[in-house]
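See structure below.
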Amino acid sequence: MQLRVDKLGVIIAALAAYGAFLAPFATFRANRIVAGEARSISEALPPVWAAIILLFVIAAAIVAVLKTPSSLRLAIAFSTLAALALGIGAAAGHLTPPENSYARVSPASGFWVLLFALGLLAADALTRLRPSPLVRVLFLCGVLGFIAAVLMSGTWDGLSLLKEYAGRADTFWAEAGKHVMLALGSLAAATIIGIPVGVLCHRVTRLRDGLLGVLNAIQTIPSIALFGILIAPLGWIAIHVPGAAAIGIRGIGAAPAFVALFLYSLLPVVANTVVGLAGVPREANDAARGIGMTDFQRLAGIEFPLAFPVILTGIRIVLVQNIGLATIAALIGGGGFGVFVFQGVGQTAMDLVLLGAVPTVVLAFTAAIVLDALIEMATPNRNQVQSA
Amino acid sequence: MIEIEGITKRYGETTVVRDVSLTIAPRTVTVIVGTSGSGKTTLLRMINRLVEPTSGKIRLDGEDNRSLPGYELRRRIGYAIQGHGLFPHRTVAQNIATVPTLLGWDRARIDAKVAELLTLFQLDPAAFGPRYPHELSGGQQQRVGVARALAAEPKVLLMDEPFGALDPIIRAKAQDDLLAIQKHFETTIVLVTHDMEEAFHLADRIAVMDKGEVVQYATPAEMLVKPATGFVESLIGAGERPFRLLAIEAVASAVEPGTAEGEAISSAASQREALSTLLWSGRKALPVVGPDGVLLGKVSLDGLAQRAAGRS
């Protein structure tokens, strides 16, 4: 067999070598706030563990550099990632002195670089394998299941991130619920309002430019400014509209956050609905009218199904955007994962920042993969317009 | 019977169709020809009220076409367009079943109709029914488009340049198929085209439109012999005239008494084919046989030359 070199693989191997041998694997701190001390793989782990991890990393680097089958690349990437995940847990146990509840162990730059390099290898292999949407979602479930199992097993309990979690388990899930509610609720509202508005814009040309212009303008307002702008009107509503305060409408808190996210969501939904409807073949529309469909039958039976994948793309943009943006809601008391981020920033406790940031990233990533799969399933090649 | 009475369509200041009156006999093929912008498509679309006329009246079998809501009227009239207009997200069978479904036919009747039409258009129902339009060739898509237009057994079929996107060989076949289907269902067809060849091939009567007006409404033969205006004459093409005239008449009407040497020609063939055979074989006359093989007489070069000059 002729050995050939994979270009991306060389970069991955270089990153992995840096992460494994030059950068520190874990950081040890005597308590939560003091500066940390770096520990390499051999210092951070018992000798057997260190050997296992290095072997996996070296094997992965070799597989990455050479032109190898995508399935092999995927397998070695995932198994090395699993070894790293378990290894960082072992490092926490190894580094923390017995009976010491102040000491903190957290992953250091070498761990993150390795994670990035192997993630790149896995993503590249997955892309080359071109799995069907369903397989991609199954892969996602597998990875999430593995992370959940490791969390449940207590392997990571010694890590400082999990120690931060342990102290805030109740609020963590409450804020997670608020975060998801904010992101999904505003998306649902934007979808319910945005699609009919998009249909209207498609039918009434004069409305389209004006409305899309306004939504575009809203999109350019920075989120913090928008929260500020909303304080006055929502505060006024809370005082003057009976019952508004009772259902939680106030100048600050979840209401303005929800309204802001809703407003940001409208443009992608409305614009994609308009673009999707405009992309329906003219002949199909003409034929639908010519053979006696009513306007509603044509909308529901022809235009909407044909525009659906494009509309779904808009919803995907909104969902991923909202999951990230909802973090800012904590600034005005709206709750969500942002609470931990801003607390962490205030206390210069990076682990607390991560407690807010990591779940947000996982959530956005999951949403993107699931919706991409949905879009692909809704867009079979039958949407191709074929000329005779 | 379609009676068009004084139909006018104006968009703002522009008059697209000006005071057109036509009577279209049932079970015939009427072709509306004209250059682009002549108003022919607008006239067609006013019959099923895709376009509402500014003034004038259209009656279908004596009934004003405004006595029903537009969509109900259109369910009773077949409609086929260039580029077939099939719904890309529905299968061939679902496409054909569209109007029967709108009309609330029961499942069994719809399935039977779909199978009947696909068979009639030489498409195997089991193989083609479940396919999507993009999996078909251009000619097959066009046939499905016409099948869909005929699904609810309309008495009238409107066609807007239905063969415009087909290559010449498939187009000729599609035209012959259409004539066979028209005989089969006894449908009244109104077809719009800019292709004179197609008009002469298909039409019982041709309406020539120019700048929103019908300048001549006549049988193909009349139109060839007595073009009403210079525009009609140029549309026919002066050089093509004798050949078109021969092409629309069967040999049967040019039979002379007597016999001739050589291979016989069928009386059902066009006179143009007879002329072509005469010229190619270098003979002066051909024997003519009827459909049953009986010798009817001869067709001569001189006789055809007379007819081609419009002096039959």
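Naming scheme: A, B, ... for chains in displayed order of the structure tokens; residues 1 onward per chain; ligands 1 onward as shown.
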
Could you make a table, as JSON lines, of the residues of chain B that have an atom within 10 Å of an atom of chain A, each with its nearest atom pair and distance in Å to one decimal, counting only C-alpha atoms, in chain and number order?
{"residue": "B:Arg45", "atom": "CA", "partner": "A:Gly290", "partner_atom": "CA", "distance": 8.6}
{"residue": "B:Asn48", "atom": "CA", "partner": "A:Gly290", "partner_atom": "CA", "distance": 7.6}
{"residue": "B:Arg49", "atom": "CA", "partner": "A:Gly290", "partner_atom": "CA", "distance": 8.8}
{"residue": "B:Leu50", "atom": "CA", "partner": "A:Gly290", "partner_atom": "CA", "distance": 6.7}
{"residue": "B:Pro69", "atom": "CA", "partner": "A:Gly292", "partner_atom": "CA", "distance": 9.8}
{"residue": "B:Gly70", "atom": "CA", "partner": "A:Gly292", "partner_atom": "CA", "distance": 7.5}
{"residue": "B:Tyr71", "atom": "CA", "partner": "A:Gly292", "partner_atom": "CA", "distance": 4.2}
{"residue": "B:Glu72", "atom": "CA", "partner": "A:Gly292", "partner_atom": "CA", "distance": 6.1}
{"residue": "B:Leu73", "atom": "CA", "partner": "A:Gly292", "partner_atom": "CA", "distance": 7.2}
{"residue": "B:Arg74", "atom": "CA", "partner": "A:Gly292", "partner_atom": "CA", "distance": 4.6}
{"residue": "B:Arg75", "atom": "CA", "partner": "A:Gly292", "partner_atom": "CA", "distance": 4.6}
{"residue": "B:Arg76", "atom": "CA", "partner": "A:Gly292", "partner_atom": "CA", "distance": 8.2}
{"residue": "B:Ile77", "atom": "CA", "partner": "A:Ile291", "partner_atom": "CA", "distance": 7.4}
{"residue": "B:Gly78", "atom": "CA", "partner": "A:Ile291", "partner_atom": "CA", "distance": 6.7}
{"residue": "B:Tyr79", "atom": "CA", "partner": "A:Gly290", "partner_atom": "CA", "distance": 5.9}
{"residue": "B:Ala80", "atom": "CA", "partner": "A:Ala287", "partner_atom": "CA", "distance": 7.2}
{"residue": "B:Ile81", "atom": "CA", "partner": "A:Ala287", "partner_atom": "CA", "distance": 7.2}
{"residue": "B:Gln82", "atom": "CA", "partner": "A:Glu283", "partner_atom": "CA", "distance": 8.0}
{"residue": "B:Gly83", "atom": "CA", "partner": "A:Ala388", "partner_atom": "CA", "distance": 6.9}
{"residue": "B:His84", "atom": "CA", "partner": "A:Glu283", "partner_atom": "CA", "distance": 7.3}
{"residue": "B:Gly85", "atom": "CA", "partner": "A:Glu283", "partner_atom": "CA", "distance": 4.4}
{"residue": "B:Leu86", "atom": "CA", "partner": "A:Ala284", "partner_atom": "CA", "distance": 5.8}
{"residue": "B:Phe87", "atom": "CA", "partner": "A:Ala284", "partner_atom": "CA", "distance": 5.5}
{"residue": "B:Pro88", "atom": "CA", "partner": "A:Asn383", "partner_atom": "CA", "distance": 5.9}
{"residue": "B:His89", "atom": "CA", "partner": "A:Arg382", "partner_atom": "CA", "distance": 6.1}
{"residue": "B:Arg90", "atom": "CA", "partner": "A:Arg382", "partner_atom": "CA", "distance": 8.6}
{"residue": "B:Thr91", "atom": "CA", "partner": "A:Arg382", "partner_atom": "CA", "distance": 9.5}
{"residue": "B:Thr98", "atom": "CA", "partner": "A:Ile291", "partner_atom": "CA", "distance": 8.3}
{"residue": "B:Val99", "atom": "CA", "partner": "A:Ile291", "partner_atom": "CA", "distance": 6.7}
{"residue": "B:Leu102", "atom": "CA", "partner": "A:Met293", "partner_atom": "CA", "distance": 7.6}
{"residue": "B:Leu103", "atom": "CA", "partner": "A:Gly292", "partner_atom": "CA", "distance": 9.6}
{"residue": "B:Arg131", "atom": "CA", "partner": "A:Arg382", "partner_atom": "CA", "distance": 9.7}
{"residue": "B:Tyr132", "atom": "CA", "partner": "A:Arg382", "partner_atom": "CA", "distance": 6.6}
{"residue": "B:Pro133", "atom": "CA", "partner": "A:Arg382", "partner_atom": "CA", "distance": 7.7}
{"residue": "B:His134", "atom": "CA", "partner": "A:Gln386", "partner_atom": "CA", "distance": 5.7}
{"residue": "B:Glu135", "atom": "CA", "partner": "A:Arg382", "partner_atom": "CA", "distance": 8.3}
{"residue": "B:Leu136", "atom": "CA", "partner": "A:Ala388", "partner_atom": "CA", "distance": 9.1}
{"residue": "B:Ser137", "atom": "CA", "partner": "A:Ala388", "partner_atom": "CA", "distance": 6.8}
{"residue": "B:Gly138", "atom": "CA", "partner": "A:Ala388", "partner_atom": "CA", "distance": 3.9}
{"residue": "B:Gly139", "atom": "CA", "partner": "A:Ala388", "partner_atom": "CA", "distance": 7.3}
{"residue": "B:Gln140", "atom": "CA", "partner": "A:Ala388", "partner_atom": "CA", "distance": 9.2}
{"residue": "B:Gln141", "atom": "CA", "partner": "A:Ala388", "partner_atom": "CA", "distance": 7.7}
{"residue": "B:Gln142", "atom": "CA", "partner": "A:Ala388", "partner_atom": "CA", "distance": 8.4}
{"residue": "B:Gly145", "atom": "CA", "partner": "A:Ala287", "partner_atom": "CA", "distance": 9.2}
{"residue": "B:Arg148", "atom": "CA", "partner": "A:Ile291", "partner_atom": "CA", "distance": 8.8}
{"residue": "B:Ala149", "atom": "CA", "partner": "A:Ile291", "partner_atom": "CA", "distance": 7.2}
{"residue": "B:Ala152", "atom": "CA", "partner": "A:Ile291", "partner_atom": "CA", "distance": 9.9}
{"residue": "B:Leu158", "atom": "CA", "partner": "A:Gly290", "partner_atom": "CA", "distance": 9.5}
{"residue": "B:Gly164", "atom": "CA", "partner": "A:Ala388", "partner_atom": "CA", "distance": 9.7}
{"residue": "B:Ala165", "atom": "CA", "partner": "A:Ala388", "partner_atom": "CA", "distance": 6.0}
{"residue": "B:Leu166", "atom": "CA", "partner": "A:Ala388", "partner_atom": "CA", "distance": 6.6}
{"residue": "B:Asp167", "atom": "CA", "partner": "A:Ala388", "partner_atom": "CA", "distance": 8.8}

Could you please write out, as a ChimeraX atom specification, every residue of segment 99-256 of chain A that DSSP assigns to strand (DSSP E or B)?
/A:104-107,159

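Once Gly119 of chain A and its same-chain neighbours fewer than 3 positions away are set aside, Ala77, Leu81, Leu115, Phe116, Ala122 and Ala123 of chain A remain within 8 Å of it when counting only C-alpha atoms.
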
Give me the residues within 7 Å of segment 320-332 of chain A as a list in words, counting only C-alpha atoms and dropping any in the same chain fewer than 2 places off.
His179, Leu182, Ala183, Ile252, Gly253, Ala257, Leu261, Arg316, Ile317, Val318, Gly334, Gly335, Gly336, Phe337, Gly338, Val339, Thr360, Ala364, Ala367 and Ala368 of chain A

Requested write-out: N, CA and C atoms of the selected residues, as a compact mmCIF listing (two decimals), in the first residue's frame:
# COMPACT_ATOMS: atom_id res chain seq x y z
N HIS A 179 -33.65 29.30 30.29
CA HIS A 179 -32.90 29.53 29.05
C HIS A 179 -33.64 28.91 27.85
N LEU A 182 -36.88 30.73 27.12
CA LEU A 182 -36.66 32.01 26.42
C LEU A 182 -36.37 31.76 24.94
N ALA A 183 -35.44 30.82 24.67
CA ALA A 183 -35.02 30.59 23.29
C ALA A 183 -36.14 29.98 22.47
N ILE A 252 -38.00 45.12 33.51
CA ILE A 252 -36.83 44.25 33.45
C ILE A 252 -37.30 42.82 33.74
N GLY A 253 -36.41 41.87 33.56
CA GLY A 253 -36.78 40.48 33.80
C GLY A 253 -36.97 39.73 32.50
N ALA A 257 -36.61 40.44 27.79
CA ALA A 257 -35.71 39.49 27.13
C ALA A 257 -36.48 38.71 26.07
N LEU A 261 -35.79 38.89 22.05
CA LEU A 261 -35.47 37.70 21.27
C LEU A 261 -36.51 37.48 20.16
N ARG A 316 -34.00 27.50 11.77
CA ARG A 316 -32.71 27.01 12.30
C ARG A 316 -31.82 28.19 12.70
N ILE A 317 -31.76 29.19 11.80
CA ILE A 317 -30.94 30.37 12.10
C ILE A 317 -31.41 30.99 13.42
N VAL A 318 -32.73 31.14 13.55
CA VAL A 318 -33.30 31.77 14.74
C VAL A 318 -32.98 30.98 16.00
N GLY A 334 -33.32 38.36 33.39
CA GLY A 334 -34.18 37.43 32.64
C GLY A 334 -33.87 35.97 32.92
N GLY A 335 -32.79 35.69 33.63
CA GLY A 335 -32.43 34.31 33.92
C GLY A 335 -31.73 33.64 32.75
N GLY A 336 -31.56 32.33 32.87
CA GLY A 336 -30.86 31.57 31.83
C GLY A 336 -29.42 31.32 32.21
N PHE A 337 -28.70 30.62 31.33
CA PHE A 337 -27.31 30.25 31.62
C PHE A 337 -26.43 31.49 31.80
N GLY A 338 -26.87 32.61 31.26
CA GLY A 338 -26.09 33.83 31.39
C GLY A 338 -25.86 34.21 32.85
N VAL A 339 -26.78 33.79 33.73
CA VAL A 339 -26.63 34.08 35.16
C VAL A 339 -25.26 33.63 35.65
N THR A 360 -24.59 26.14 27.06
CA THR A 360 -25.13 26.95 25.96
C THR A 360 -24.59 26.46 24.62
N ALA A 364 -26.77 24.82 21.58
CA ALA A 364 -26.79 25.41 20.23
C ALA A 364 -26.32 24.40 19.19
N ALA A 367 -29.03 21.83 18.63
CA ALA A 367 -30.12 22.40 17.84
C ALA A 367 -29.72 22.49 16.37
N ALA A 368 -28.48 22.91 16.11
CA ALA A 368 -28.03 23.06 14.72
C ALA A 368 -28.04 21.72 14.00

Residues within 8 Å of Thr8 of chain B, only C-alpha atoms, excluding chain neighbours under 4 positions, as number ranges by chain:
B: 15-20, 53-56

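Proximity of B:Glu161, B:Glu186, B:Glu153, B:Glu197 to Ser36 of chain B, computed with only C-alpha atoms, is greatest for B:Glu161.
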
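Counting only C-alpha atoms, segment 233-249 of chain B has the following residues at most 6 Å away, ignoring those fewer than 4 positions along the same chain: Pro227, Ser270, Gln271, Arg272 and Ala308 of chain B.
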
Those residues with C-alpha atoms, as a tab-separated table (two decimals), in the first residue's frame please?
chain	number	residue	atom	x	y	z
B	227	PRO	CA	-55.31	35.47	-46.21
B	270	SER	CA	-51.50	14.02	-47.14
B	271	GLN	CA	-51.18	15.50	-50.59
B	272	ARG	CA	-47.83	16.88	-49.55
B	308	ALA	CA	-51.03	23.86	-54.60
